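This report refers to the structure that appears directly beneath it.
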Amino acid sequence: MNYGGSILPPVFDIQRRQFLEASGMVALGVLCGFNFAADSSPRAEPKPFDGWIRVLSTGRVILLVAKAEMGQGVITALPMLLAEELDVDWADVEVQQAPVDPSVYDHLTVGSDSIKSLWLPLRRAGAVARRQLLQAAAMRWKVPIDKCRTNRGAVFGPSGERASYAEMAQEAASLAPLPAASIELKSSMHFRLLGNSLRSVNAENKVDGSAVYGLDVRVPGMLRAVILRCPYLSGTLESFESGPALSVPGVKTVFPILPAGRDAFTRGGIAVVAQNTWAAMQGRRQLQARWSASADSKIGSHDILARLRTNVSRAGSVVTERGDPLQVLRQSARLVEATYEVPFLAHATMEPMNATVHVQTDRVEAWLPTQNAADARIAIARILGRSPKSVFVHQLLIGGGFGRRDATDFAVEAAQIAARVDKPVQLAWSREDDLQFGRYRPMAVHHLRASLDANGLPSAWVDRMSSVSIAGFLDPPESSDLMATEVGGARDIPYKVGSFRMEYTPVKCAVPVGWWRSVEDSINAFAIESFLDELAAAAQRDPVQYRLSLLREARRIPGRDGAVIETSRLARVLIEVAAQSGWDGKQRGGRSLGIACHTCRGSYIAVVVEISICSGVLTVSRVWAAVDCGFAVNPKGLESQIEGGLLFGTSAALYEAVTLTSGKVTQTNFADYRVLRMSESPLTEVKIIKSAAPPTGAGEIAVPLVAPAIANAVFGLTGHRPRRLPMRVSYGPSSEVTATCIGLSSDV
């Protein structure tokens with residue numbers, strides 16, 4: 001796939017030798033022996049001229065991207081890292097998707113990790129390539145290498161010699177690369193590209209419709225398929241009658257497929273294969289099937305919520321403890337206590353799940369909009385009983401991922417169907433499929449207690465949390481750390497409190513849960529930042545000043561995954577966003593501001609929202625954000641990520657919830673899974689703090705803070721404290737609450 005110009009046909013399988021021969025180019029490919037993996041997958045050290053950089057004989061430079069592009073801008077930002085150190089003119093750059101080869105590349109695109117993990121490796125790869133070009137030129141001209149220099153795709157010698165990269169590429173490719181660690185990288189003061197806002201390299205492709213997403217794939221002879229799945233969380237197909245479906249014009253065949261178990265967590269079902277997707281869907285409507293639900297799957301949201309509430313009413317497993325907070329609470333006369341509840345959430349990506357697979361005698365080809373091409377390759381191989389080396393995955397553009405496309409279920413289902421029909425098959429999920437058979441953000445409950453000292457500051461803090469554990473669903477029971485992705489952002493709060501204790505109790509159930517944009521931070525920041533405001537109110541302190549009083553002492557404290565939280569950086573974004581929004585803590589003629597701050601993915605962010613009430617309807621009119629995520633590689637792209645996260649978080653805070661009744665998800669489409677409309681979107685303003693620190697994560701960090709900021713603003717305006725999400729709140733004409741939150745208490 002070529003993002004810089006025309007799109008390669010989706011059936012075109014780029015093999016390196018064929019690519020070189022077809023394009024008539026000389027390749028200069030550099031991939032040094034760095035560990036690009038976010039996981040522990042072994043990567044063999046590649047040959048030095050295979051990998052990231054290819055120089056065409058025309059002078060064009062192809063830069064490869066191994067990460068998946070889903071709107072977050074990696075197809076622009078990552079090549080910028082290469083181009084900067086390689087010293088090429090951006091106008092001469094084309095960007096292509098790297099072939100899916102897990103022995104060379106890390107294709108996993110999750111956790112806001114792409115730029116953070118590749119900041120040094122890709123720059124070093126570009127620097128190594130540039131050094132080899134200089135070395136080749138010095139040898140040709142018989143001059144010292146330190147007398148040569150590069151500039152915008154050409155090498156210059158001490159006596160006016162000049163050679164383009166295209167002229168030098170073959171000679172450079174024959175040289176053994178120097179160790180990357182021995183090559184000095186540019187200082188930021190010499191950057192030409194990095195730190196500047198560049199337009200997305202595939203903007204034109206999206207506008208003119210040539211960008212290839214999953215449902216755009218066309219393979220000769222391709223059939224289309226949909227699946228009628230078991231409506232229960234887990235169950236068995238008892239019987240079905242295929243005759244009515246087969247009578248629909250265009251329907252070719254109907255057959256059952258089995259659940260894939262822990263390899264992909266598919267539910268199985270009945271596949272309807274047709275000449276086109278419409279016929280397949282009409283055939284599915286005609287299917288008559290009988291299902292039996294397993295005993296443990298006929299649960300509802302009320303049942304799960306009751307278990308969560310019970311869990312936080314009693315002691316759980318201690319996650320971390322400092323001091324003796326329980327003793328402090330028992331002796332304190334000033335206590336604050338609150339419970340916060342969040343529902344299951346769907347990803348609701350613009351592009352529903354889909355996959356195209358062609359199972360052949362000696363190879364399997366798969367065209368996937370996936371965040372996890374390597375695992376999809378393995379999962380397809382397992383379900384078909386093939387070697388992963390025989391599975392060739394084409395990475396496609398993704399119309400929204402948010403963690404949902406880390407899963408491999410849709411790829412495995414397509415492979416199961418394609419193996420039966422002996423033709424390429426494109427499986428499409430409808431919006432109803434997407435909402436009712438997805439992987440959901442876990443439901444969770446926090447119960448928080450704190451005591452205040454004579455200055456109104458927390459002398460003790462105790463947090464009891466319970467959630468439907470992602471690890472409990474995904475991992476084998478014997479290997480599960482059930483709190484692994486549940487407690488981050490709650491056990492490592494940046495605020496200085498006297499004594500601290502966090503407890504966690506998991507809930508295991510049949511609801512399929514998984515990563516959702518910002519994972520546990522979207523749950524925990526709502527509780528922590530709402531509770532901070534409650535403490536500020538109890539102490540009769542301004543919420544901004546109260547937070548600053550707990551952050552003012554510059555500290556470096558342990559965070560997640562070995563990271564260090566710098567409280568001074570969090571305090572700075574808090575101060576910046578307060579100034580940006582004109583914070584004064586007062587109501588403004590029916591309008592109110594709410595604030596929240598958080599550290600996530602190694603980054604620091606603070607958010608202020610402005611809400612108003614008109615005709616009894618709560619409206620979020622403006623959102624300000626100040627962000628410190630280290631060096632901003634592409635500031636415009638970063639700003640877009642924060643804006644998107646703010647809107648994503650606003651939608652979840654106000655409207656979104658997945659509920660279950662008798663083992664079935666009740667939401668079917670956007671009519672009952674409400675999302676933010678364009679007309680409801682608030683104005684956003686993002687301030688990026690300039691920093692020389694290495695880049696940290698950005699794609700998820702804005703999502704968690706909108707909900708607590710809105711809740712805090714609602715309290716400031718009405719005196720009502722929303723503690724459940726979503727905040728479907730209605731108000732009377734005098735700004736009094738006439739109906740409390742319609743959240744987990746009444747509409748689950």
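We name chains A, B, ... following the order of the structure tokens; residues begin at 1 in each chain, and ligands are numbered from 1 as shown.
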
List the neighbours of Glu520 of chain A out to 7 Å using only C-alpha atoms; skip same-chain residues closer than 2 positions along the sequence, and give me the result as an MDAnalysis selection string. chainID A and resid 485:488 518 522:524

Next, write the just-selected residues to a file, as a PDB file, in the first residue's frame, keeping N, CA and C atoms as the atom set.
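To be explicit, this is the file written out as out_36.pdb:
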ATOM      1  N   THR A 485      -4.340  -5.155  34.200  1.00  0.00           N
ATOM      2  CA  THR A 485      -4.720  -3.960  33.442  1.00  0.00           C
ATOM      3  C   THR A 485      -5.979  -3.333  34.020  1.00  0.00           C
ATOM      4  N   GLU A 486      -6.097  -3.377  35.334  1.00  0.00           N
ATOM      5  CA  GLU A 486      -7.292  -2.831  35.979  1.00  0.00           C
ATOM      6  C   GLU A 486      -6.989  -1.650  36.902  1.00  0.00           C
ATOM      7  N   VAL A 487      -5.838  -1.635  37.565  1.00  0.00           N
ATOM      8  CA  VAL A 487      -5.619  -0.701  38.672  1.00  0.00           C
ATOM      9  C   VAL A 487      -4.701   0.464  38.331  1.00  0.00           C
ATOM     10  N   GLY A 488      -4.115   0.476  37.131  1.00  0.00           N
ATOM     11  CA  GLY A 488      -3.219   1.566  36.760  1.00  0.00           C
ATOM     12  C   GLY A 488      -3.925   2.914  36.794  1.00  0.00           C
ATOM     13  N   SER A 518      -7.670   3.795  26.082  1.00  0.00           N
ATOM     14  CA  SER A 518      -7.099   4.224  27.366  1.00  0.00           C
ATOM     15  C   SER A 518      -7.260   3.177  28.449  1.00  0.00           C
ATOM     16  N   SER A 522      -9.628   5.099  31.692  1.00  0.00           N
ATOM     17  CA  SER A 522     -10.960   5.679  31.483  1.00  0.00           C
ATOM     18  C   SER A 522     -11.882   5.378  32.655  1.00  0.00           C
ATOM     19  N   ILE A 523     -11.598   4.297  33.374  1.00  0.00           N
ATOM     20  CA  ILE A 523     -12.374   3.931  34.557  1.00  0.00           C
ATOM     21  C   ILE A 523     -11.848   4.670  35.786  1.00  0.00           C
ATOM     22  N   ASN A 524     -10.546   4.586  35.974  1.00  0.00           N
ATOM     23  CA  ASN A 524      -9.956   5.029  37.226  1.00  0.00           C
ATOM     24  C   ASN A 524      -9.846   6.545  37.342  1.00  0.00           C
TER      25      ASN A 524
END

Between segment 419-496 of chain A and segment 353-362 of chain A, at 10 Å or less, what are the per-residue closest atom pairs and their distances in Å? Count only C-alpha atoms, order by chain and rising residue number, and return it as JSON lines.
{"residue": "A:Ala419", "atom": "CA", "partner": "A:Val359", "partner_atom": "CA", "distance": 5.6}
{"residue": "A:Arg420", "atom": "CA", "partner": "A:Val359", "partner_atom": "CA", "distance": 8.9}
{"residue": "A:Val421", "atom": "CA", "partner": "A:Val359", "partner_atom": "CA", "distance": 9.0}
{"residue": "A:Asp422", "atom": "CA", "partner": "A:Val359", "partner_atom": "CA", "distance": 6.5}
{"residue": "A:Lys423", "atom": "CA", "partner": "A:His358", "partner_atom": "CA", "distance": 6.0}
{"residue": "A:Pro424", "atom": "CA", "partner": "A:His358", "partner_atom": "CA", "distance": 4.1}
{"residue": "A:Val425", "atom": "CA", "partner": "A:Thr356", "partner_atom": "CA", "distance": 5.5}
{"residue": "A:Gln426", "atom": "CA", "partner": "A:Thr356", "partner_atom": "CA", "distance": 4.1}
{"residue": "A:Leu427", "atom": "CA", "partner": "A:Ala355", "partner_atom": "CA", "distance": 5.4}
{"residue": "A:Ala428", "atom": "CA", "partner": "A:Asn354", "partner_atom": "CA", "distance": 4.6}
{"residue": "A:Trp429", "atom": "CA", "partner": "A:Met353", "partner_atom": "CA", "distance": 5.4}
{"residue": "A:Ser430", "atom": "CA", "partner": "A:Met353", "partner_atom": "CA", "distance": 8.0}
{"residue": "A:Arg431", "atom": "CA", "partner": "A:Met353", "partner_atom": "CA", "distance": 8.8}
{"residue": "A:Asp433", "atom": "CA", "partner": "A:Met353", "partner_atom": "CA", "distance": 8.7}
{"residue": "A:Asp434", "atom": "CA", "partner": "A:Met353", "partner_atom": "CA", "distance": 6.8}
{"residue": "A:Gly438", "atom": "CA", "partner": "A:Met353", "partner_atom": "CA", "distance": 9.2}

So that I can check the surroundings of segment 641-656 of chain A, please list as a PDB file with all heavy atoms, in the first residue's frame every protein, DNA and RNA residue that reaches within 7 Å of it, counting only C-alpha atoms and ignoring chain neighbours fewer than 6 positions away.
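This went into result-v6.pdb:
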ATOM      1  N   GLN A  72      -4.608   7.714  13.667  1.00  0.00           N
ATOM      2  CA  GLN A  72      -3.754   8.336  14.679  1.00  0.00           C
ATOM      3  C   GLN A  72      -2.523   9.005  14.089  1.00  0.00           C
ATOM      4  O   GLN A  72      -1.783   9.684  14.788  1.00  0.00           O
ATOM      5  CB  GLN A  72      -3.365   7.309  15.749  1.00  0.00           C
ATOM      6  CG  GLN A  72      -2.184   6.401  15.418  1.00  0.00           C
ATOM      7  CD  GLN A  72      -2.532   5.235  14.516  1.00  0.00           C
ATOM      8  OE1 GLN A  72      -3.357   5.336  13.620  1.00  0.00           O
ATOM      9  NE2 GLN A  72      -1.875   4.105  14.745  1.00  0.00           N
ATOM     10  N   LEU A 345     -18.665  -0.683  27.856  1.00  0.00           N
ATOM     11  CA  LEU A 345     -18.716   0.197  26.695  1.00  0.00           C
ATOM     12  C   LEU A 345     -18.291  -0.562  25.445  1.00  0.00           C
ATOM     13  O   LEU A 345     -17.392  -1.403  25.492  1.00  0.00           O
ATOM     14  CB  LEU A 345     -17.788   1.405  26.874  1.00  0.00           C
ATOM     15  CG  LEU A 345     -18.175   2.451  27.914  1.00  0.00           C
ATOM     16  CD1 LEU A 345     -17.134   3.552  27.952  1.00  0.00           C
ATOM     17  CD2 LEU A 345     -19.543   3.037  27.621  1.00  0.00           C
ATOM     18  N   TYR A 673     -27.628   2.634  21.171  1.00  0.00           N
ATOM     19  CA  TYR A 673     -26.281   2.881  21.694  1.00  0.00           C
ATOM     20  C   TYR A 673     -25.906   4.292  21.247  1.00  0.00           C
ATOM     21  O   TYR A 673     -25.338   4.515  20.198  1.00  0.00           O
ATOM     22  CB  TYR A 673     -25.260   1.865  21.179  1.00  0.00           C
ATOM     23  CG  TYR A 673     -23.922   1.994  21.890  1.00  0.00           C
ATOM     24  CD1 TYR A 673     -23.720   1.376  23.117  1.00  0.00           C
ATOM     25  CD2 TYR A 673     -22.889   2.752  21.359  1.00  0.00           C
ATOM     26  CE1 TYR A 673     -22.516   1.505  23.794  1.00  0.00           C
ATOM     27  CE2 TYR A 673     -21.685   2.889  22.023  1.00  0.00           C
ATOM     28  CZ  TYR A 673     -21.502   2.267  23.235  1.00  0.00           C
ATOM     29  OH  TYR A 673     -20.302   2.401  23.909  1.00  0.00           O
ATOM     30  N   ARG A 674     -26.310   5.225  22.068  1.00  0.00           N
ATOM     31  CA  ARG A 674     -26.222   6.643  21.718  1.00  0.00           C
ATOM     32  C   ARG A 674     -24.774   7.114  21.724  1.00  0.00           C
ATOM     33  O   ARG A 674     -24.026   6.835  22.658  1.00  0.00           O
ATOM     34  CB  ARG A 674     -27.043   7.435  22.735  1.00  0.00           C
ATOM     35  CG  ARG A 674     -27.056   8.939  22.527  1.00  0.00           C
ATOM     36  CD  ARG A 674     -28.071   9.342  21.484  1.00  0.00           C
ATOM     37  NE  ARG A 674     -28.483  10.728  21.690  1.00  0.00           N
ATOM     38  CZ  ARG A 674     -27.775  11.792  21.299  1.00  0.00           C
ATOM     39  NH1 ARG A 674     -26.616  11.630  20.703  1.00  0.00           N
ATOM     40  NH2 ARG A 674     -28.240  13.009  21.514  1.00  0.00           N
ATOM     41  N   VAL A 675     -24.370   7.823  20.682  1.00  0.00           N
ATOM     42  CA  VAL A 675     -23.045   8.437  20.631  1.00  0.00           C
ATOM     43  C   VAL A 675     -23.198   9.924  20.355  1.00  0.00           C
ATOM     44  O   VAL A 675     -24.257  10.401  19.930  1.00  0.00           O
ATOM     45  CB  VAL A 675     -22.149   7.792  19.549  1.00  0.00           C
ATOM     46  CG1 VAL A 675     -21.873   6.335  19.870  1.00  0.00           C
ATOM     47  CG2 VAL A 675     -22.762   7.930  18.159  1.00  0.00           C
ATOM     48  N   LEU A 676     -22.146  10.652  20.599  1.00  0.00           N
ATOM     49  CA  LEU A 676     -22.151  12.093  20.407  1.00  0.00           C
ATOM     50  C   LEU A 676     -22.391  12.439  18.944  1.00  0.00           C
ATOM     51  O   LEU A 676     -21.769  11.873  18.047  1.00  0.00           O
ATOM     52  CB  LEU A 676     -20.800  12.662  20.856  1.00  0.00           C
ATOM     53  CG  LEU A 676     -20.673  14.174  20.978  1.00  0.00           C
ATOM     54  CD1 LEU A 676     -21.439  14.682  22.191  1.00  0.00           C
ATOM     55  CD2 LEU A 676     -19.191  14.568  21.084  1.00  0.00           C
ATOM     56  N   SER A 681     -20.996  18.355  19.387  1.00  0.00           N
ATOM     57  CA  SER A 681     -19.573  18.350  19.693  1.00  0.00           C
ATOM     58  C   SER A 681     -19.126  19.705  20.224  1.00  0.00           C
ATOM     59  O   SER A 681     -19.397  20.737  19.614  1.00  0.00           O
ATOM     60  CB  SER A 681     -18.766  17.999  18.434  1.00  0.00           C
ATOM     61  OG  SER A 681     -19.108  16.715  17.972  1.00  0.00           O
ATOM     62  N   THR A 684     -13.115  22.712  20.887  1.00  0.00           N
ATOM     63  CA  THR A 684     -11.943  22.228  21.612  1.00  0.00           C
ATOM     64  C   THR A 684     -10.755  23.140  21.358  1.00  0.00           C
ATOM     65  O   THR A 684     -10.606  23.710  20.272  1.00  0.00           O
ATOM     66  CB  THR A 684     -11.572  20.795  21.193  1.00  0.00           C
ATOM     67  OG1 THR A 684     -11.313  20.769  19.785  1.00  0.00           O
ATOM     68  CG2 THR A 684     -12.682  19.821  21.523  1.00  0.00           C
ATOM     69  N   ALA A 698       0.174   9.482  23.187  1.00  0.00           N
ATOM     70  CA  ALA A 698      -0.760  10.586  22.977  1.00  0.00           C
ATOM     71  C   ALA A 698      -2.143  10.139  22.530  1.00  0.00           C
ATOM     72  O   ALA A 698      -3.119  10.846  22.768  1.00  0.00           O
ATOM     73  CB  ALA A 698      -0.192  11.573  21.950  1.00  0.00           C
ATOM     74  N   GLY A 699      -2.261   8.999  21.888  1.00  0.00           N
ATOM     75  CA  GLY A 699      -3.525   8.630  21.263  1.00  0.00           C
ATOM     76  C   GLY A 699      -4.679   8.395  22.217  1.00  0.00           C
ATOM     77  O   GLY A 699      -5.842   8.501  21.834  1.00  0.00           O
ATOM     78  N   GLU A 700      -4.381   8.075  23.478  1.00  0.00           N
ATOM     79  CA  GLU A 700      -5.432   7.719  24.427  1.00  0.00           C
ATOM     80  C   GLU A 700      -5.587   8.702  25.577  1.00  0.00           C
ATOM     81  O   GLU A 700      -6.563   8.659  26.318  1.00  0.00           O
ATOM     82  CB  GLU A 700      -5.126   6.335  25.023  1.00  0.00           C
ATOM     83  CG  GLU A 700      -5.060   5.234  23.984  1.00  0.00           C
ATOM     84  CD  GLU A 700      -4.489   3.954  24.562  1.00  0.00           C
ATOM     85  OE1 GLU A 700      -3.262   3.883  24.747  1.00  0.00           O
ATOM     86  OE2 GLU A 700      -5.264   3.030  24.835  1.00  0.00           O
ATOM     87  N   ALA A 702      -6.333  11.779  26.262  1.00  0.00           N
ATOM     88  CA  ALA A 702      -7.401  12.765  26.486  1.00  0.00           C
ATOM     89  C   ALA A 702      -8.718  12.120  26.879  1.00  0.00           C
ATOM     90  O   ALA A 702      -9.588  12.791  27.447  1.00  0.00           O
ATOM     91  CB  ALA A 702      -7.598  13.614  25.226  1.00  0.00           C
ATOM     92  N   VAL A 703      -8.876  10.843  26.587  1.00  0.00           N
ATOM     93  CA  VAL A 703     -10.169  10.185  26.797  1.00  0.00           C
ATOM     94  C   VAL A 703     -10.602  10.155  28.266  1.00  0.00           C
ATOM     95  O   VAL A 703     -11.753  10.459  28.589  1.00  0.00           O
ATOM     96  CB  VAL A 703     -10.136   8.753  26.213  1.00  0.00           C
ATOM     97  CG1 VAL A 703     -11.428   8.005  26.522  1.00  0.00           C
ATOM     98  CG2 VAL A 703      -9.894   8.803  24.704  1.00  0.00           C
ATOM     99  N   PRO A 704      -9.707   9.807  29.215  1.00  0.00           N
ATOM    100  CA  PRO A 704     -10.180   9.565  30.589  1.00  0.00           C
ATOM    101  C   PRO A 704     -10.686  10.792  31.331  1.00  0.00           C
ATOM    102  O   PRO A 704     -11.458  10.648  32.289  1.00  0.00           O
ATOM    103  CB  PRO A 704      -8.928   9.009  31.285  1.00  0.00           C
ATOM    104  CG  PRO A 704      -8.032   8.541  30.207  1.00  0.00           C
ATOM    105  CD  PRO A 704      -8.289   9.450  29.064  1.00  0.00           C
ATOM    106  N   VAL A 706     -12.452  13.642  30.425  1.00  0.00           N
ATOM    107  CA  VAL A 706     -13.659  14.406  30.121  1.00  0.00           C
ATOM    108  C   VAL A 706     -14.776  14.083  31.113  1.00  0.00           C
ATOM    109  O   VAL A 706     -15.468  14.991  31.606  1.00  0.00           O
ATOM    110  CB  VAL A 706     -14.121  14.146  28.677  1.00  0.00           C
ATOM    111  CG1 VAL A 706     -15.304  15.045  28.335  1.00  0.00           C
ATOM    112  CG2 VAL A 706     -12.989  14.389  27.693  1.00  0.00           C
ATOM    113  N   ALA A 707     -14.954  12.812  31.437  1.00  0.00           N
ATOM    114  CA  ALA A 707     -16.042  12.428  32.340  1.00  0.00           C
ATOM    115  C   ALA A 707     -15.913  13.082  33.710  1.00  0.00           C
ATOM    116  O   ALA A 707     -16.879  13.694  34.197  1.00  0.00           O
ATOM    117  CB  ALA A 707     -16.109  10.903  32.463  1.00  0.00           C
ATOM    118  N   LEU A 725     -21.766   6.632  35.382  1.00  0.00           N
ATOM    119  CA  LEU A 725     -21.743   6.927  33.953  1.00  0.00           C
ATOM    120  C   LEU A 725     -22.659   5.934  33.246  1.00  0.00           C
ATOM    121  O   LEU A 725     -22.789   4.794  33.669  1.00  0.00           O
ATOM    122  CB  LEU A 725     -20.314   6.805  33.411  1.00  0.00           C
ATOM    123  CG  LEU A 725     -19.289   7.794  33.969  1.00  0.00           C
ATOM    124  CD1 LEU A 725     -17.921   7.539  33.342  1.00  0.00           C
ATOM    125  CD2 LEU A 725     -19.715   9.236  33.753  1.00  0.00           C
ATOM    126  N   PRO A 726     -23.283   6.402  32.142  1.00  0.00           N
ATOM    127  CA  PRO A 726     -23.199   7.741  31.546  1.00  0.00           C
ATOM    128  C   PRO A 726     -24.054   8.750  32.303  1.00  0.00           C
ATOM    129  O   PRO A 726     -24.958   8.376  33.043  1.00  0.00           O
ATOM    130  CB  PRO A 726     -23.731   7.518  30.129  1.00  0.00           C
ATOM    131  CG  PRO A 726     -24.707   6.393  30.282  1.00  0.00           C
ATOM    132  CD  PRO A 726     -24.113   5.494  31.325  1.00  0.00           C
ATOM    133  N   MET A 727     -23.766  10.035  32.073  1.00  0.00           N
ATOM    134  CA  MET A 727     -24.452  11.100  32.803  1.00  0.00           C
ATOM    135  C   MET A 727     -25.650  11.607  32.015  1.00  0.00           C
ATOM    136  O   MET A 727     -25.649  12.730  31.497  1.00  0.00           O
ATOM    137  CB  MET A 727     -23.483  12.246  33.092  1.00  0.00           C
ATOM    138  CG  MET A 727     -22.483  11.916  34.167  1.00  0.00           C
ATOM    139  SD  MET A 727     -21.333  13.274  34.492  1.00  0.00           S
ATOM    140  CE  MET A 727     -20.094  12.979  33.234  1.00  0.00           C
ATOM    141  N   ARG A 728     -26.661  10.765  31.883  1.00  0.00           N
ATOM    142  CA  ARG A 728     -27.895  11.218  31.242  1.00  0.00           C
ATOM    143  C   ARG A 728     -28.699  11.962  32.291  1.00  0.00           C
ATOM    144  O   ARG A 728     -29.442  11.372  33.062  1.00  0.00           O
ATOM    145  CB  ARG A 728     -28.676  10.033  30.700  1.00  0.00           C
ATOM    146  CG  ARG A 728     -27.913   9.289  29.612  1.00  0.00           C
ATOM    147  CD  ARG A 728     -28.586   7.976  29.292  1.00  0.00           C
ATOM    148  NE  ARG A 728     -27.807   7.213  28.326  1.00  0.00           N
ATOM    149  CZ  ARG A 728     -27.877   5.898  28.193  1.00  0.00           C
ATOM    150  NH1 ARG A 728     -28.665   5.202  28.979  1.00  0.00           N
ATOM    151  NH2 ARG A 728     -27.160   5.274  27.295  1.00  0.00           N
TER     152      ARG A 728
END

Judged by only C-alpha atoms, the minimum distance to Phe473 of chain A among A:Ile299, A:Val620, A:Met678, A:Cys509 is found for A:Cys509

So that each row is one residue of segment 599-675 of chain A with an atom at most 8 Å from segment 190-214 of chain A, can you give its shortest atom pair and the distance in Å to one decimal, using only C-alpha atoms, rows by chain and rising number, as a tab-separated table?
residue	atom	partner	partner_atom	distance
A:Phe631	CA	A:Gly195	CA	7.4
A:Ala632	CA	A:Gly195	CA	5.6
A:Val633	CA	A:Gly195	CA	4.8
A:Asn634	CA	A:Ser197	CA	4.9
A:Pro635	CA	A:Ser197	CA	5.2
A:Lys636	CA	A:Ser197	CA	4.9
A:Gly637	CA	A:Ser197	CA	7.1

Generate the output file for the selected residues, all heavy atoms, as a short mmCIF file (atom, residue, chain, number, x, y, z; two decimals), in the first residue's frame.
data_model
loop_
_atom_site.label_atom_id
_atom_site.label_comp_id
_atom_site.auth_asym_id
_atom_site.auth_seq_id
_atom_site.Cartn_x
_atom_site.Cartn_y
_atom_site.Cartn_z
N PHE A 631 8.52 15.55 23.39
CA PHE A 631 8.71 16.24 22.12
C PHE A 631 7.57 15.89 21.15
O PHE A 631 7.25 14.72 20.95
CB PHE A 631 10.05 15.84 21.50
CG PHE A 631 10.37 16.56 20.23
CD1 PHE A 631 10.95 17.81 20.25
CD2 PHE A 631 10.07 15.98 19.01
CE1 PHE A 631 11.23 18.48 19.07
CE2 PHE A 631 10.34 16.63 17.82
CZ PHE A 631 10.93 17.90 17.85
N ALA A 632 6.97 16.91 20.57
CA ALA A 632 5.87 16.72 19.62
C ALA A 632 6.43 16.53 18.22
O ALA A 632 6.90 17.49 17.60
CB ALA A 632 4.92 17.91 19.66
N VAL A 633 6.43 15.31 17.74
CA VAL A 633 7.00 15.01 16.42
C VAL A 633 6.26 15.75 15.33
O VAL A 633 6.86 16.40 14.47
CB VAL A 633 6.97 13.48 16.17
CG1 VAL A 633 7.36 13.16 14.73
CG2 VAL A 633 7.89 12.77 17.15
N ASN A 634 4.94 15.66 15.32
CA ASN A 634 4.09 16.35 14.34
C ASN A 634 2.99 17.06 15.12
O ASN A 634 1.95 16.47 15.40
CB ASN A 634 3.50 15.34 13.36
CG ASN A 634 2.70 16.01 12.24
OD1 ASN A 634 2.57 17.23 12.19
ND2 ASN A 634 2.17 15.20 11.34
N PRO A 635 3.19 18.31 15.52
CA PRO A 635 2.25 18.98 16.42
C PRO A 635 0.81 18.96 15.94
O PRO A 635 -0.12 18.79 16.74
CB PRO A 635 2.80 20.40 16.51
CG PRO A 635 4.26 20.25 16.25
CD PRO A 635 4.36 19.16 15.23
N LYS A 636 0.59 19.14 14.64
CA LYS A 636 -0.78 19.13 14.14
C LYS A 636 -1.42 17.76 14.31
O LYS A 636 -2.59 17.64 14.68
CB LYS A 636 -0.82 19.55 12.67
CG LYS A 636 -2.22 19.67 12.10
CD LYS A 636 -3.05 20.70 12.85
CE LYS A 636 -4.46 20.82 12.27
NZ LYS A 636 -5.29 21.75 13.06
N GLY A 637 -0.66 16.72 14.04
CA GLY A 637 -1.18 15.38 14.24
C GLY A 637 -1.47 15.11 15.70
O GLY A 637 -2.48 14.48 16.05
#

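If you look at atom CA of Ile557 of chain A and atom CA of Asp324 of chain A, they are 19.4 Å away from each other.
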
As an NGL selection string, please: the residues near Ser292 of chain A (cut-off 10 Å, only C-alpha atoms, same-chain neighbours under 3 positions excluded). :A and (230-232 or 234-239 or 295)

Once you have the residues from the selection above, write them out as a PDB file, in the first residue's frame, restricted to C-alpha atoms.
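What follows is the written file part-v2.pdb:
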ATOM      1  CA  CYS A 230     -25.313 -17.433  19.162  1.00  0.00           C
ATOM      2  CA  PRO A 231     -27.258 -14.601  20.806  1.00  0.00           C
ATOM      3  CA  TYR A 232     -26.111 -15.640  24.292  1.00  0.00           C
ATOM      4  CA  SER A 234     -22.034 -18.655  25.457  1.00  0.00           C
ATOM      5  CA  GLY A 235     -24.244 -21.382  24.095  1.00  0.00           C
ATOM      6  CA  THR A 236     -24.733 -24.223  21.642  1.00  0.00           C
ATOM      7  CA  LEU A 237     -26.363 -24.439  18.243  1.00  0.00           C
ATOM      8  CA  GLU A 238     -29.091 -27.071  18.576  1.00  0.00           C
ATOM      9  CA  SER A 239     -30.461 -27.044  15.032  1.00  0.00           C
ATOM     10  CA  ALA A 295     -25.954 -21.918  32.612  1.00  0.00           C
TER      11      ALA A 295
END

Check segment 327-445 of chain A with DSSP on the backbone and list each residue it calls strand (DSSP E or B), as a VMD selection string. chain A and resid 335 to 342 344 to 345 354 to 359 364 to 368 391 to 395 397 425 to 428 440 to 441 444 to 445
